[in-house]
>>> print(open('protein_28.cif').read())   # mmCIF, C-alpha atoms
data_data
loop_
_atom_site.label_atom_id
_atom_site.label_comp_id
_atom_site.auth_asym_id
_atom_site.auth_seq_id
_atom_site.Cartn_x
_atom_site.Cartn_y
_atom_site.Cartn_z
CA MET A 1 7.11 67.80 -6.96
CA GLY A 2 8.83 64.51 -7.91
CA PRO A 3 8.24 62.70 -11.20
CA PHE A 4 6.42 59.86 -9.40
CA HIS A 5 3.99 62.07 -7.47
CA GLN A 6 0.34 61.50 -8.30
CA GLU A 7 -2.63 62.56 -6.20
CA SER A 8 -4.60 59.53 -7.36
CA ASP A 9 -3.92 56.08 -8.74
CA ASP A 10 -5.65 56.79 -12.04
CA TYR A 11 -2.44 56.02 -13.93
CA VAL A 12 -2.86 52.34 -12.97
CA GLU A 13 -5.96 52.21 -15.16
CA SER A 14 -4.57 54.71 -17.68
CA GLU A 15 -5.10 53.93 -21.33
CA ILE A 16 -1.90 55.68 -22.34
CA PHE A 17 0.22 53.23 -24.33
CA ASP A 18 2.35 55.74 -26.25
CA PHE A 19 5.53 56.64 -24.40
CA GLY A 20 5.39 60.16 -25.79
CA ASP A 21 2.04 60.75 -24.09
CA ILE A 22 3.08 60.10 -20.50
CA PRO A 23 3.69 63.16 -18.26
CA THR A 24 6.60 65.17 -19.60
CA THR A 25 8.37 65.41 -16.24
CA LEU A 26 8.32 61.63 -15.84
CA ARG A 27 9.42 60.98 -19.41
CA LEU A 28 12.34 63.42 -19.23
CA TRP A 29 13.45 62.03 -15.86
CA LEU A 30 13.55 58.47 -17.15
CA GLN A 31 15.49 59.51 -20.24
CA SER A 32 18.01 61.46 -18.17
CA GLN A 33 19.02 58.50 -15.99
CA ASN A 34 22.21 56.95 -17.35
CA GLY A 35 21.45 53.74 -15.46
CA LEU A 36 18.23 53.30 -17.45
CA LYS A 37 20.04 53.44 -20.78
CA VAL A 38 21.26 50.47 -22.81
CA HIS A 39 24.71 51.24 -24.20
CA GLY A 40 23.95 54.95 -23.95
CA VAL A 41 20.55 54.78 -25.66
CA PRO A 42 17.65 56.10 -23.49
CA ILE A 43 14.08 54.87 -23.33
CA THR A 44 12.24 56.23 -26.37
CA ASN A 45 9.13 54.06 -26.83
CA ARG A 46 7.00 51.31 -25.36
CA GLU A 47 9.39 48.59 -26.52
CA THR A 48 12.45 50.05 -24.82
CA LEU A 49 10.32 50.84 -21.75
CA GLU A 50 9.34 47.17 -21.45
CA LEU A 51 12.99 46.15 -21.94
CA ALA A 52 14.10 48.39 -19.05
CA PHE A 53 11.32 46.99 -16.87
CA SER A 54 12.27 43.38 -17.67
CA LEU A 55 15.95 44.02 -16.99
CA LEU A 56 15.23 45.72 -13.66
CA GLY A 57 12.75 43.03 -12.62
CA LYS A 58 14.86 40.17 -14.02
CA GLY A 59 11.88 38.84 -15.97
CA ARG A 60 9.75 38.06 -12.91
CA ILE A 61 6.67 39.55 -14.62
CA SER A 62 6.20 38.43 -18.21
CA ASN A 63 2.74 39.68 -19.25
CA LEU A 64 3.38 43.41 -19.55
CA ASN A 65 0.43 44.06 -21.87
CA GLN A 66 -1.79 44.32 -18.81
CA PHE A 67 -0.06 47.55 -17.75
CA SER A 68 -0.42 51.00 -19.22
CA THR A 69 2.75 52.79 -20.36
CA GLU A 70 2.41 55.38 -17.61
CA TYR A 71 2.10 52.68 -14.96
CA LEU A 72 5.19 50.88 -16.27
CA ALA A 73 7.11 54.15 -16.37
CA ARG A 74 6.35 54.90 -12.73
CA LEU A 75 7.19 51.36 -11.68
CA ILE A 76 10.54 51.60 -13.46
CA GLY A 77 11.38 54.80 -11.60
CA ILE A 78 10.56 53.22 -8.25
CA MET A 79 12.43 49.98 -9.05
CA TYR A 80 15.48 51.92 -10.20
CA ILE A 81 15.66 53.98 -7.00
CA GLN A 82 15.21 50.81 -4.92
CA LYS A 83 18.06 49.17 -6.83
CA LEU A 84 20.41 52.06 -6.06
CA THR A 85 19.37 52.06 -2.41
CA ARG A 86 19.99 48.31 -2.07
CA ALA A 87 23.42 48.69 -3.64
CA GLN A 88 24.44 51.10 -0.90
CA LYS A 89 23.38 48.59 1.77
CA SER A 90 24.79 45.47 0.16
CA GLY A 91 28.06 43.62 0.64
CA PHE A 92 30.13 46.38 -1.00
CA LYS A 93 31.23 47.65 2.41
CA GLN A 94 32.29 44.17 3.57
CA ILE A 95 34.73 43.76 0.70
CA LYS A 96 35.96 47.35 0.89
CA ALA A 97 34.62 48.34 -2.52
CA ILE A 98 35.02 51.90 -3.77
CA PRO A 99 32.66 53.83 -6.05
CA GLY A 100 33.75 54.91 -9.50
CA GLU A 101 34.54 58.50 -10.32
CA PRO A 102 31.55 60.80 -10.92
CA GLY A 103 30.29 60.29 -14.46
CA LYS A 104 31.91 56.86 -14.78
CA ILE A 105 29.59 54.56 -16.74
CA ILE A 106 30.14 50.88 -17.52
CA ARG A 107 28.43 49.47 -20.61
CA LEU A 108 27.26 45.95 -19.81
CA LYS A 109 26.04 42.77 -21.44
CA CYS A 110 24.57 39.56 -20.08
CA GLY A 111 27.23 36.93 -19.53
CA GLY A 112 24.65 34.31 -20.48
CA CYS A 113 22.76 35.41 -23.59
CA GLN A 114 25.43 38.01 -24.52
CA ARG A 115 22.80 40.69 -25.20
CA PRO A 116 23.20 44.31 -24.01
CA VAL A 117 21.66 45.20 -20.64
CA LEU A 118 21.24 48.42 -18.65
CA ASP A 119 24.36 50.51 -18.18
CA ASP A 120 25.85 50.82 -14.69
CA ALA A 121 25.92 54.52 -13.87
CA PHE A 122 27.10 53.93 -10.28
CA PRO A 123 29.81 51.28 -10.60
CA PHE A 124 31.89 49.91 -7.75
CA PHE A 125 35.48 48.70 -7.94
CA VAL A 126 37.82 46.59 -5.80
CA ALA A 127 39.55 48.93 -3.34
CA GLU A 128 42.99 47.34 -3.84
CA LEU A 129 42.45 47.11 -7.62
CA PRO A 130 40.78 50.43 -8.55
CA ASP A 131 40.49 49.42 -12.21
CA CYS A 132 38.72 46.12 -11.45
CA TYR A 133 34.94 46.44 -11.78
CA LEU A 134 32.66 44.47 -9.46
CA ILE A 135 29.98 42.78 -11.54
CA GLU A 136 26.43 41.97 -10.51
CA VAL A 137 25.41 38.33 -10.60
CA VAL A 138 21.70 37.88 -11.24
CA ARG A 139 19.97 36.26 -8.28
CA SER A 140 16.65 34.44 -8.50
CA ASP A 141 14.40 32.44 -6.20
CA GLN A 142 13.17 30.48 -9.19
CA LYS A 143 14.88 27.14 -9.75
CA GLY A 144 17.31 27.51 -12.61
CA GLY A 145 17.03 31.28 -12.61
CA ASN A 146 15.30 33.78 -14.89
CA GLY A 147 18.45 34.96 -16.63
CA CYS A 148 18.97 38.67 -17.15
CA GLY A 149 15.27 39.23 -17.79
CA GLN A 150 15.28 39.12 -21.59
CA ASN A 151 13.31 36.52 -23.53
CA GLY A 152 15.06 33.18 -23.73
CA CYS A 153 17.77 33.98 -21.19
CA LYS A 154 18.13 31.41 -18.40
CA GLY A 155 20.27 30.73 -15.38
CA LYS A 156 21.92 33.20 -13.03
CA PRO A 157 24.43 35.01 -15.25
CA GLY A 158 26.80 37.80 -14.43
CA LEU A 159 26.29 41.22 -15.99
CA VAL A 160 29.75 41.82 -17.40
CA PRO A 161 31.47 44.72 -19.22
CA ALA A 162 30.54 44.74 -22.90
CA ASN A 163 34.24 44.94 -23.77
CA HIS A 164 36.11 42.81 -21.26
CA MET A 165 39.38 43.50 -23.08
CA VAL A 166 39.13 47.12 -21.97
CA GLN A 167 37.44 46.77 -18.58
CA ASP A 168 38.75 44.18 -16.13
CA HIS A 169 36.17 42.75 -13.73
CA THR A 170 35.47 40.20 -11.02
CA ARG A 171 32.52 38.87 -9.05
CA MET A 172 31.62 40.37 -5.70
CA GLU A 173 32.81 37.30 -3.81
CA THR A 174 35.77 37.00 -1.47
CA ARG A 175 37.27 34.02 -3.33
CA ALA A 176 36.84 35.60 -6.76
CA ILE A 177 38.43 38.85 -5.59
CA ALA A 178 41.38 36.98 -4.05
CA GLN A 179 41.96 35.09 -7.29
CA THR A 180 41.85 38.33 -9.26
CA LYS A 181 44.38 39.93 -6.93
CA ARG A 182 46.77 37.01 -7.41
CA ARG A 183 46.28 37.12 -11.18
CA LYS A 184 47.02 40.82 -11.37
CA ALA A 185 49.84 40.84 -8.83
CA ASN A 186 53.14 42.20 -10.12
CA TRP A 187 55.48 39.23 -9.76
CA LYS A 188 58.13 40.72 -12.01
CA ALA A 189 59.82 42.74 -9.29
CA PRO A 190 60.42 39.92 -6.77
CA LEU A 191 61.17 37.21 -9.34
CA CYS A 192 63.20 39.01 -12.01
CA ARG A 193 66.43 40.33 -10.54
CA THR A 194 68.67 42.76 -12.36
CA GLY A 195 71.89 41.51 -10.78
CA LYS A 196 72.35 44.81 -8.95
CA ASP A 197 70.03 44.16 -6.03
CA LEU A 198 71.25 40.81 -4.71
CA GLU A 199 72.65 41.99 -1.41
CA GLY A 200 71.28 39.81 1.39
CA CYS A 201 69.99 37.15 -1.01
CA ALA A 202 70.99 33.50 -0.58
CA GLU A 203 73.69 32.09 -2.83
CA THR A 204 71.62 28.98 -3.52
CA VAL A 205 68.05 27.90 -2.88
CA ARG A 206 67.04 24.31 -2.26
CA VAL A 207 63.75 23.36 -3.95
CA ARG A 208 61.80 20.12 -3.87
CA CYS A 209 59.87 18.66 -6.77
CA ARG A 210 56.40 17.63 -5.59
CA GLY A 211 55.57 15.70 -8.76
CA HIS A 212 54.36 12.10 -8.67
CA GLY A 213 57.07 9.67 -7.59
CA GLN A 214 59.67 12.41 -7.02
CA SER A 215 58.75 13.67 -3.57
CA ASN A 216 62.32 13.29 -2.26
CA GLN A 217 64.17 14.81 -5.18
CA LYS A 218 65.97 18.03 -4.23
CA ILE A 219 67.74 20.44 -6.53
CA GLU A 220 70.21 23.18 -5.68
CA CYS A 221 69.52 26.35 -7.66
CA GLY A 222 71.93 29.21 -7.91
CA ARG A 223 71.30 32.86 -8.56
#
>>> encode(input="protein_28.cif", output="structure tokens")
Amino acid sequence: MGPFHQESDDYVESEIFDFGDIPTTLRLWLQSQNGLKVHGVPITNRETLELAFSLLGKGRISNLNQFSTEYLARLIGIMYIQKLTRAQKSGFKQIKAIPGEPGKIIRLKCGGCQRPVLDDAFPFFVAELPDCYLIEVVRSDQKGGNGCGQNGCKGKPGLVPANHMVQDHTRMETRAIAQTKRRKANWKAPLCRTGKDLEGCAETVRVRCRGHGQSNQKIECGR
């Protein structure tokens, strides 16, 4: 029987507000999900439960005191599964994204408020750049955006790797991916000759300066 199964809806009106008192199966399931952890730290109390809910819901519901802990816990489980299901049906296929290796986890932070957010336990990468992580950009119907869901965060930020110096990334947009490909392209091979592989190359190349007022200037460049 799944962790969300309940023969009645009594948990909606439950008075359980201590995370340790919710059904053991549900509690252990939530704590075992790497995608519900923040920088590797699982849900351990009401405060971290509310944080996970706000991050999954992008702050659309602010008054969480009206819900019991058990109700929030079950909602989080359902929202998390829906998030994973939507990811499989999203634009990842259109841009030829590839999933990360099993067990690959990306620690994330909000590109706006810079605070840690939920880890990505099922990351996707650019097919032609297997080390380039595809980030999620927070979407919102609200004018100006809700931010990542944490108090005070605004706009529609990207959820970026916590350490961008270690993990390269780009937005899941055709233009952004194209720019990243050009930036990471290896231009050394075609532009830096060793002097031993010049067979078939032109002796000189005529180039034109396209600067202001010099549109007709031509220069002969040798090898």
>>> resolve_selection(input="protein_28.cif", expression="the PyMOL selection byres ((chain A and resi 105-119) around 7)", output="number ranges by chain")
A: 34-39, 55, 103-104, 120-123, 148, 153, 157-162
>>> closest_atom_pairs(input="protein_28.cif", of="stretch 126-179 of chain A", to="stretch 45-53 of chain A", cutoff="10 Å", atoms="only C-alpha atoms", output="Markdown table")
| residue | atom | partner | partner_atom | distance |
| --- | --- | --- | --- | --- |
| A:Gly149 | CA | A:Leu51 | CA | 8.4 |
| A:Gln150 | CA | A:Leu51 | CA | 7.4 |
| A:Asn151 | CA | A:Leu51 | CA | 9.8 |
>>> residues_around(input="protein_28.cif", residues="A:Lys154", least_positions_apart="4", cutoff="6 Å", atoms="all atoms listed in the file", output="PyMOL selection string")
chain A and resi 145-147
>>> closest_residue(input="protein_28.cif", among="A:Asp131, A:Asp168, A:Asp21, A:Glu136", to="A:Lys83", atoms="only C-alpha atoms")
A:Glu136
>>> atom_distance(input="protein_28.cif", atom1="atom CA of A:Tyr80", atom2="atom CA of A:Pro130")
25.4 Å
>>> atom_distance(input="protein_28.cif", atom1="atom CA of A:Gln33", atom2="atom CA of A:Leu129")
27.4 Å
>>> closest_residue(input="protein_28.cif", among="A:Met165, A:Val41, A:Ala73, A:Leu56", to="A:Asp18", atoms="all atoms listed in the file")
A:Ala73
>>> resolve_selection(input="protein_28.cif", expression="the PyMOL selection byres ((chain A and resi 77) around 12)", output="PyMOL selection string")
chain A and resi 2-5+25-33+35-36+49+52-53+56-57+70-76+78-84
>>> atom_distance(input="protein_28.cif", atom1="atom CA of A:Asn163", atom2="atom CA of A:Arg60")
27.7 Å
>>> resolve_selection(input="protein_28.cif", expression="the PyMOL selection byres ((chain A and resi 125) around 8)", output="NGL selection string")
:A and (97-100 or 123-124 or 126-127 or 129-134)
